[in-house]
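Colleague: Please see the structure below; I have some questions.
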Amino acid sequence: MCGRFTLTVTWEELMTRYLIDPESVSPFHIPRYNIAPTQMVTAIINDGSTNRIGQLQWGLVPSWAKDSSTGAKMINARSETLEEKPAYRMPFYRKRCLIPADGFYEWQKNENGKQPFRIGLRSGDLFSMAGLYDIWITPSGEKLSTCTVITTEPNTLMEPIHNRMPVILRPEDEALWLERTTAASERNPSNLQSLKELLKPYPAQDMQAVPVSTTVNSVKNDTEDCIRSITRS
């Protein structure tokens, strides 16, 4: 699964990376070192002509849900079953997003308990996790926009740590993932196959896993201490 991640870059770096007009939105991002489920996360969608940046609540609430309680249970969506699960099927066809990150956390079991690792690109660059979003209307008529992170099987770097990892998209594939899908083409086999081919483990040789302190274990902690590497004994 993917249950925590980081986004420590500046607002300016985000806007530049995703080709967004700085004048189109007021700054809202600050560096985050321990982003957790049910919190607001930065996300990128495409309106058919340009990329747009905003915030979504992490934990998908389907548009047809009776209440919002499902969100905390739907922080991740398995890539292998997107079309089988009613909550993910239509978002996969129509509401795909990018969730920017520069690292994600996973915990490896050992004789002393669990060792947290921060995993990211070996280059240290910002990357995009493949996500889905949906909009739920509250009983009072307000919109609740939520999202989920898609996961896949682990690459060889992740295998010793955990049996799942987020789908990380190559920069050159991000436009395809964000591409708006028309009702006429949303279930076209060739279109769907092109999307499904993106849902694979990122190359292990281009990633690194760094052990970090147990400071990250508590969602109350959101400081640079969470990402500080430690020496393994």
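FYI, nothing fancy with the structure tokens labels: chains A, B, ... in order, residues from 1 per chain, ligands from 1 as they appear.
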Name all residues at most 7 Å from region 17-24 of chain A (count only C-alpha atoms; drop same-chain ones fewer than 2 positions away) and give them as a PDB file with C-alpha atoms, in the first residue's frame.
Modeller:
```pdb
ATOM      1  CA  GLU A  13       8.780  24.171  -8.315  1.00  0.00           C
ATOM      2  CA  LEU A  14       5.325  22.586  -8.457  1.00  0.00           C
ATOM      3  CA  MET A  15       3.999  25.177 -10.874  1.00  0.00           C
ATOM      4  CA  ASN A  51      -3.272  21.354 -16.315  1.00  0.00           C
ATOM      5  CA  ARG A  52      -4.913  22.543 -13.122  1.00  0.00           C
TER       6      ARG A  52
END
```
Colleague: Just list as a ChimeraX atom specification whatever in region 8-193 of chain A DSSP marks as strand (DSSP E).
Modeller: /A:32-35,40-46,51-58,76-78,96-101,103-110,113-121,127-137,143-152,165-166,168-169
Colleague: For Pro91 (chain A), work out the shell of residues within 7 Å, counting only C-alpha atoms and skipping chain neighbours fewer than 2 positions away, then give it as a ChimeraX atom specification.
Modeller: /A:88-89,93-96,132-134
Colleague: Could you dump the residues just selected with C-alpha atoms as a CSV table (one decimal), in the first residue's frame?
Modeller:
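Below you can see again_1.csv, which holds the result:
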```csv
chain,number,residue,atom,x,y,z
A,88,TYR,CA,-12.9,2.8,-9.1
A,89,ARG,CA,-14.3,1.8,-12.5
A,93,TYR,CA,-12.5,5.8,-17.2
A,94,ARG,CA,-13.1,9.5,-16.6
A,95,LYS,CA,-11.4,11.0,-13.5
A,96,ARG,CA,-7.7,10.4,-13.4
A,132,LEU,CA,-8.2,8.7,-9.3
A,133,TYR,CA,-10.6,11.2,-8.0
A,134,ASP,CA,-14.3,11.6,-7.5
```
Colleague: Please identify every residue of region 67-145 of chain A that has at least one atom no farther than 6 Å from an atom of region 202-208 of chain A, counting only C-alpha atoms, and for each give the shortest atom pair and the distance in Å to one decimal, arranged by chain then increasing number, as a tab-separated table.
Modeller:
```
residue	atom	partner	partner_atom	distance
A:Ile119	CA	A:Gln208	CA	5.7
A:Gly120	CA	A:Met207	CA	5.6
A:Leu121	CA	A:Met207	CA	4.2
A:Arg122	CA	A:Met207	CA	4.6
```
Colleague: Quick one: write out the picked residues with C-alpha atoms as an mmCIF file, in the first residue's frame?
Modeller:
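And here is the file that came out, again38.cif:
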```
data_model
loop_
_atom_site.group_PDB
_atom_site.id
_atom_site.type_symbol
_atom_site.label_atom_id
_atom_site.label_comp_id
_atom_site.auth_asym_id
_atom_site.auth_seq_id
_atom_site.Cartn_x
_atom_site.Cartn_y
_atom_site.Cartn_z
ATOM 1 C CA ILE A 119 11.451 5.663 -0.911
ATOM 2 C CA GLY A 120 11.880 7.903 -3.921
ATOM 3 C CA LEU A 121 13.815 8.499 -7.102
ATOM 4 C CA ARG A 122 17.577 8.099 -6.947
#
```
Colleague: Counting only C-alpha atoms, what is within 10 Å of Ile99 (chain A), bar same-chain residues fewer than 5 positions away, as number ranges by chain?
Modeller: A: 7, 41-45, 53, 55-56, 127-132, 147-149, 168
Colleague: Could you check the closest approach to Pro171 (chain A) for each of A:Val219, A:Leu98, A:Ala36, A:Ile135 and tell me which residue wins, using only C-alpha atoms?
Modeller: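 The closest residue to Pro171 (chain A) is A:Leu98.
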Colleague: Distance CA of Gly103 (chain A)-CA of Thr156 (chain A), one decimal place?
Modeller: 17.2 Å
Colleague: With a distance cut-off of 6 Å and only C-alpha atoms, select the neighbouring residues of Phe5 (chain A), excluding the residue or stretch itself and same-chain residues fewer than 2 positions from it, and output the selection as JSON, numbers by chain.
Modeller: {"A": [34, 35, 103, 104, 105]}
Colleague: Quick one: write out the picked residues with all heavy atoms as a PDB file, in the first residue's frame?
Modeller:
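Saved as again-v3.pdb:
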```pdb
ATOM      1  N   ASN A  34       5.081  14.472   6.072  1.00  0.00           N
ATOM      2  CA  ASN A  34       4.398  13.278   6.581  1.00  0.00           C
ATOM      3  C   ASN A  34       2.914  13.356   6.244  1.00  0.00           C
ATOM      4  O   ASN A  34       2.059  13.452   7.127  1.00  0.00           O
ATOM      5  CB  ASN A  34       4.605  13.160   8.094  1.00  0.00           C
ATOM      6  CG  ASN A  34       4.250  11.789   8.641  1.00  0.00           C
ATOM      7  OD1 ASN A  34       3.950  10.862   7.891  1.00  0.00           O
ATOM      8  ND2 ASN A  34       4.284  11.655   9.954  1.00  0.00           N
ATOM      9  N   ILE A  35       2.605  13.305   4.963  1.00  0.00           N
ATOM     10  CA  ILE A  35       1.220  13.407   4.501  1.00  0.00           C
ATOM     11  C   ILE A  35       0.513  12.081   4.767  1.00  0.00           C
ATOM     12  O   ILE A  35       1.009  11.014   4.406  1.00  0.00           O
ATOM     13  CB  ILE A  35       1.179  13.751   3.003  1.00  0.00           C
ATOM     14  CG1 ILE A  35       1.914  15.080   2.759  1.00  0.00           C
ATOM     15  CG2 ILE A  35      -0.256  13.844   2.512  1.00  0.00           C
ATOM     16  CD1 ILE A  35       2.138  15.403   1.298  1.00  0.00           C
ATOM     17  N   GLY A 103       8.713  11.505  -2.274  1.00  0.00           N
ATOM     18  CA  GLY A 103       9.060  10.331  -1.489  1.00  0.00           C
ATOM     19  C   GLY A 103       7.803   9.726  -0.889  1.00  0.00           C
ATOM     20  O   GLY A 103       6.788  10.414  -0.738  1.00  0.00           O
ATOM     21  N   PHE A 104       7.841   8.441  -0.605  1.00  0.00           N
ATOM     22  CA  PHE A 104       6.752   7.805   0.136  1.00  0.00           C
ATOM     23  C   PHE A 104       7.371   6.891   1.181  1.00  0.00           C
ATOM     24  O   PHE A 104       8.514   6.452   1.049  1.00  0.00           O
ATOM     25  CB  PHE A 104       5.790   7.050  -0.782  1.00  0.00           C
ATOM     26  CG  PHE A 104       6.387   5.876  -1.515  1.00  0.00           C
ATOM     27  CD1 PHE A 104       6.326   4.585  -0.986  1.00  0.00           C
ATOM     28  CD2 PHE A 104       6.992   6.040  -2.753  1.00  0.00           C
ATOM     29  CE1 PHE A 104       6.870   3.498  -1.665  1.00  0.00           C
ATOM     30  CE2 PHE A 104       7.539   4.960  -3.437  1.00  0.00           C
ATOM     31  CZ  PHE A 104       7.481   3.689  -2.892  1.00  0.00           C
ATOM     32  N   TYR A 105       6.623   6.624   2.233  1.00  0.00           N
ATOM     33  CA  TYR A 105       7.129   5.820   3.337  1.00  0.00           C
ATOM     34  C   TYR A 105       6.560   4.402   3.305  1.00  0.00           C
ATOM     35  O   TYR A 105       5.413   4.177   2.907  1.00  0.00           O
ATOM     36  CB  TYR A 105       6.744   6.447   4.677  1.00  0.00           C
ATOM     37  CG  TYR A 105       7.338   7.801   4.946  1.00  0.00           C
ATOM     38  CD1 TYR A 105       6.542   8.951   4.912  1.00  0.00           C
ATOM     39  CD2 TYR A 105       8.693   7.960   5.254  1.00  0.00           C
ATOM     40  CE1 TYR A 105       7.070  10.207   5.178  1.00  0.00           C
ATOM     41  CE2 TYR A 105       9.234   9.210   5.515  1.00  0.00           C
ATOM     42  CZ  TYR A 105       8.419  10.332   5.477  1.00  0.00           C
ATOM     43  OH  TYR A 105       8.942  11.570   5.742  1.00  0.00           O
TER      44      TYR A 105
END
```
Colleague: Can you list, as a VMD selection string, every protein, DNA or RNA residue that comes within 6 Å of Trp58 (chain A) when you count only C-alpha atoms, leaving out same-chain residues fewer than 5 positions away?
Modeller: chain A and resid 37 to 39 146 to 147
Colleague: Would you mind exporting N, CA and C atoms of the selected residues as a compact mmCIF listing (two decimals), in the first residue's frame?
Modeller:
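What ended up in part_18.txt:
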```txt
# COMPACT_ATOMS: atom_id res chain seq x y z
N PRO A 37 -3.39 9.71 5.25
CA PRO A 37 -4.77 9.54 4.79
C PRO A 37 -5.74 10.47 5.51
N THR A 38 -6.77 10.87 4.78
CA THR A 38 -7.85 11.79 5.17
C THR A 38 -7.41 13.25 5.16
N GLN A 39 -6.11 13.51 4.99
CA GLN A 39 -5.64 14.88 4.88
C GLN A 39 -5.82 15.38 3.44
N THR A 146 -12.38 14.00 -3.48
CA THR A 146 -11.48 13.05 -2.84
C THR A 146 -10.68 12.28 -3.87
N CYS A 147 -9.64 11.57 -3.40
CA CYS A 147 -8.78 10.84 -4.32
C CYS A 147 -8.24 9.57 -3.69
```
Colleague: At a cut-off of 9 Å, using only C-alpha atoms, what residues contact Asn163 (chain A)? Leave out same-chain residues fewer than 4 positions from it and give the result as a VMD selection string.
Modeller: chain A and resid 1 152 to 155 158 to 159
Colleague: May I ask which of the residues A:Cys226, A:Leu157, A:Leu199, A:Ala65 is the closest one to Thr6 (chain A), counting only C-alpha atoms?
Modeller: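 Of all the options, A:Cys226 lies closest to Thr6 (chain A).
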Colleague: Which parts of region 7-212 of chain A does DSSP call helix (DSSP H, G or I) when run on the backbone here, written out as a ChimeraX atom specification?
Modeller: /A:11-17,22-24,68-73,79-81,86-94,171-178,189-196,204-206
Colleague: Can those selected residues be exported to a file as a short mmCIF file (atom, residue, chain, number, x, y, z; two decimals), in the first residue's frame so that it contains N, CA and C atoms?
Modeller:
```cif
data_model
loop_
_atom_site.label_atom_id
_atom_site.label_comp_id
_atom_site.auth_asym_id
_atom_site.auth_seq_id
_atom_site.Cartn_x
_atom_site.Cartn_y
_atom_site.Cartn_z
N TRP A 11 6.31 25.88 -3.87
CA TRP A 11 5.17 26.16 -4.75
C TRP A 11 5.65 26.46 -6.17
N GLU A 12 6.71 27.22 -6.28
CA GLU A 12 7.24 27.58 -7.59
C GLU A 12 7.70 26.34 -8.36
N GLU A 13 8.34 25.40 -7.66
CA GLU A 13 8.78 24.17 -8.31
C GLU A 13 7.59 23.35 -8.81
N LEU A 14 6.53 23.31 -8.04
CA LEU A 14 5.32 22.59 -8.46
C LEU A 14 4.73 23.20 -9.72
N MET A 15 4.60 24.50 -9.73
CA MET A 15 4.00 25.18 -10.87
C MET A 15 4.82 24.97 -12.14
N THR A 16 6.14 25.02 -11.99
CA THR A 16 7.02 24.83 -13.14
C THR A 16 6.97 23.40 -13.64
N ARG A 17 7.01 22.46 -12.72
CA ARG A 17 7.04 21.03 -13.08
C ARG A 17 5.80 20.62 -13.86
N PRO A 22 1.15 30.47 -13.02
CA PRO A 22 1.14 30.90 -11.62
C PRO A 22 0.00 31.85 -11.29
N GLU A 23 -0.51 32.58 -12.29
CA GLU A 23 -1.57 33.53 -12.04
C GLU A 23 -2.95 32.89 -12.03
N SER A 24 -3.00 31.59 -12.33
CA SER A 24 -4.30 30.91 -12.41
C SER A 24 -4.81 30.44 -11.05
N SER A 68 -19.69 9.65 3.80
CA SER A 68 -18.27 9.82 3.50
C SER A 68 -17.37 8.88 4.29
N SER A 69 -17.94 7.97 5.06
CA SER A 69 -17.13 7.12 5.94
C SER A 69 -16.23 6.15 5.17
N THR A 70 -16.54 5.89 3.91
CA THR A 70 -15.74 4.95 3.12
C THR A 70 -14.36 5.50 2.79
N GLY A 71 -14.20 6.82 2.86
CA GLY A 71 -12.95 7.45 2.42
C GLY A 71 -11.71 6.92 3.09
N ALA A 72 -11.78 6.73 4.42
CA ALA A 72 -10.60 6.29 5.17
C ALA A 72 -10.17 4.88 4.78
N LYS A 73 -11.07 4.11 4.18
CA LYS A 73 -10.77 2.74 3.78
C LYS A 73 -10.32 2.63 2.33
N SER A 79 -4.20 -1.68 -8.93
CA SER A 79 -4.24 -1.50 -10.38
C SER A 79 -4.87 -2.68 -11.09
N GLU A 80 -4.71 -3.86 -10.52
CA GLU A 80 -5.19 -5.08 -11.19
C GLU A 80 -6.71 -5.20 -11.21
N THR A 81 -7.40 -4.46 -10.32
CA THR A 81 -8.86 -4.65 -10.19
C THR A 81 -9.64 -3.36 -10.37
N PRO A 86 -16.66 -1.20 -8.35
CA PRO A 86 -17.55 -0.09 -8.74
C PRO A 86 -17.04 1.28 -8.33
N ALA A 87 -16.36 1.37 -7.19
CA ALA A 87 -15.88 2.67 -6.72
C ALA A 87 -14.78 3.24 -7.61
N TYR A 88 -14.04 2.38 -8.29
CA TYR A 88 -12.89 2.82 -9.08
C TYR A 88 -13.14 2.79 -10.58
N ARG A 89 -14.14 2.04 -11.02
CA ARG A 89 -14.34 1.84 -12.45
C ARG A 89 -14.54 3.15 -13.20
N MET A 90 -15.53 3.95 -12.81
CA MET A 90 -15.80 5.19 -13.54
C MET A 90 -14.70 6.22 -13.36
N PRO A 91 -14.14 6.38 -12.16
CA PRO A 91 -12.99 7.29 -12.06
C PRO A 91 -11.83 6.87 -12.97
N PHE A 92 -11.60 5.57 -13.11
CA PHE A 92 -10.53 5.10 -14.00
C PHE A 92 -10.83 5.51 -15.43
N TYR A 93 -12.09 5.44 -15.83
CA TYR A 93 -12.46 5.82 -17.19
C TYR A 93 -12.43 7.34 -17.39
N ARG A 94 -12.81 8.10 -16.36
CA ARG A 94 -13.07 9.53 -16.59
C ARG A 94 -12.33 10.51 -15.67
N PRO A 171 7.49 10.94 -16.58
CA PRO A 171 7.02 12.26 -17.00
C PRO A 171 6.38 12.26 -18.39
N GLU A 172 6.94 11.46 -19.29
CA GLU A 172 6.41 11.43 -20.66
C GLU A 172 5.06 10.73 -20.77
N ASP A 173 4.63 10.05 -19.70
CA ASP A 173 3.34 9.36 -19.71
C ASP A 173 2.25 10.12 -18.96
N GLU A 174 2.63 11.21 -18.33
CA GLU A 174 1.67 11.93 -17.51
C GLU A 174 0.52 12.53 -18.33
N ALA A 175 0.82 13.05 -19.52
CA ALA A 175 -0.22 13.65 -20.35
C ALA A 175 -1.26 12.63 -20.75
N LEU A 176 -0.82 11.41 -21.08
CA LEU A 176 -1.76 10.36 -21.44
C LEU A 176 -2.66 10.02 -20.26
N TRP A 177 -2.09 9.93 -19.06
CA TRP A 177 -2.89 9.60 -17.88
C TRP A 177 -3.93 10.68 -17.59
N LEU A 178 -3.56 11.94 -17.82
CA LEU A 178 -4.47 13.04 -17.54
C LEU A 178 -5.47 13.31 -18.65
N PRO A 189 -11.27 -0.45 -26.17
CA PRO A 189 -10.22 -1.37 -25.72
C PRO A 189 -8.81 -0.85 -25.91
N SER A 190 -8.54 -0.18 -27.03
CA SER A 190 -7.18 0.31 -27.27
C SER A 190 -6.83 1.45 -26.32
N ASN A 191 -7.80 2.32 -26.04
CA ASN A 191 -7.56 3.41 -25.10
C ASN A 191 -7.28 2.87 -23.71
N LEU A 192 -8.09 1.92 -23.28
CA LEU A 192 -7.92 1.35 -21.95
C LEU A 192 -6.61 0.59 -21.84
N GLN A 193 -6.24 -0.11 -22.89
CA GLN A 193 -4.99 -0.86 -22.85
C GLN A 193 -3.79 0.08 -22.70
N SER A 194 -3.85 1.23 -23.38
CA SER A 194 -2.76 2.20 -23.27
C SER A 194 -2.62 2.69 -21.84
N LEU A 195 -3.75 2.89 -21.15
CA LEU A 195 -3.72 3.33 -19.76
C LEU A 195 -3.22 2.22 -18.85
N LYS A 196 -3.70 1.02 -19.07
CA LYS A 196 -3.31 -0.10 -18.22
C LYS A 196 -1.81 -0.39 -18.31
N ALA A 204 13.44 -0.33 -10.66
CA ALA A 204 14.11 -0.34 -9.36
C ALA A 204 15.44 0.37 -9.39
N GLN A 205 16.16 0.28 -10.52
CA GLN A 205 17.49 0.88 -10.58
C GLN A 205 17.44 2.41 -10.52
N ASP A 206 16.27 2.98 -10.74
CA ASP A 206 16.14 4.43 -10.70
C ASP A 206 15.59 4.94 -9.38
#
```
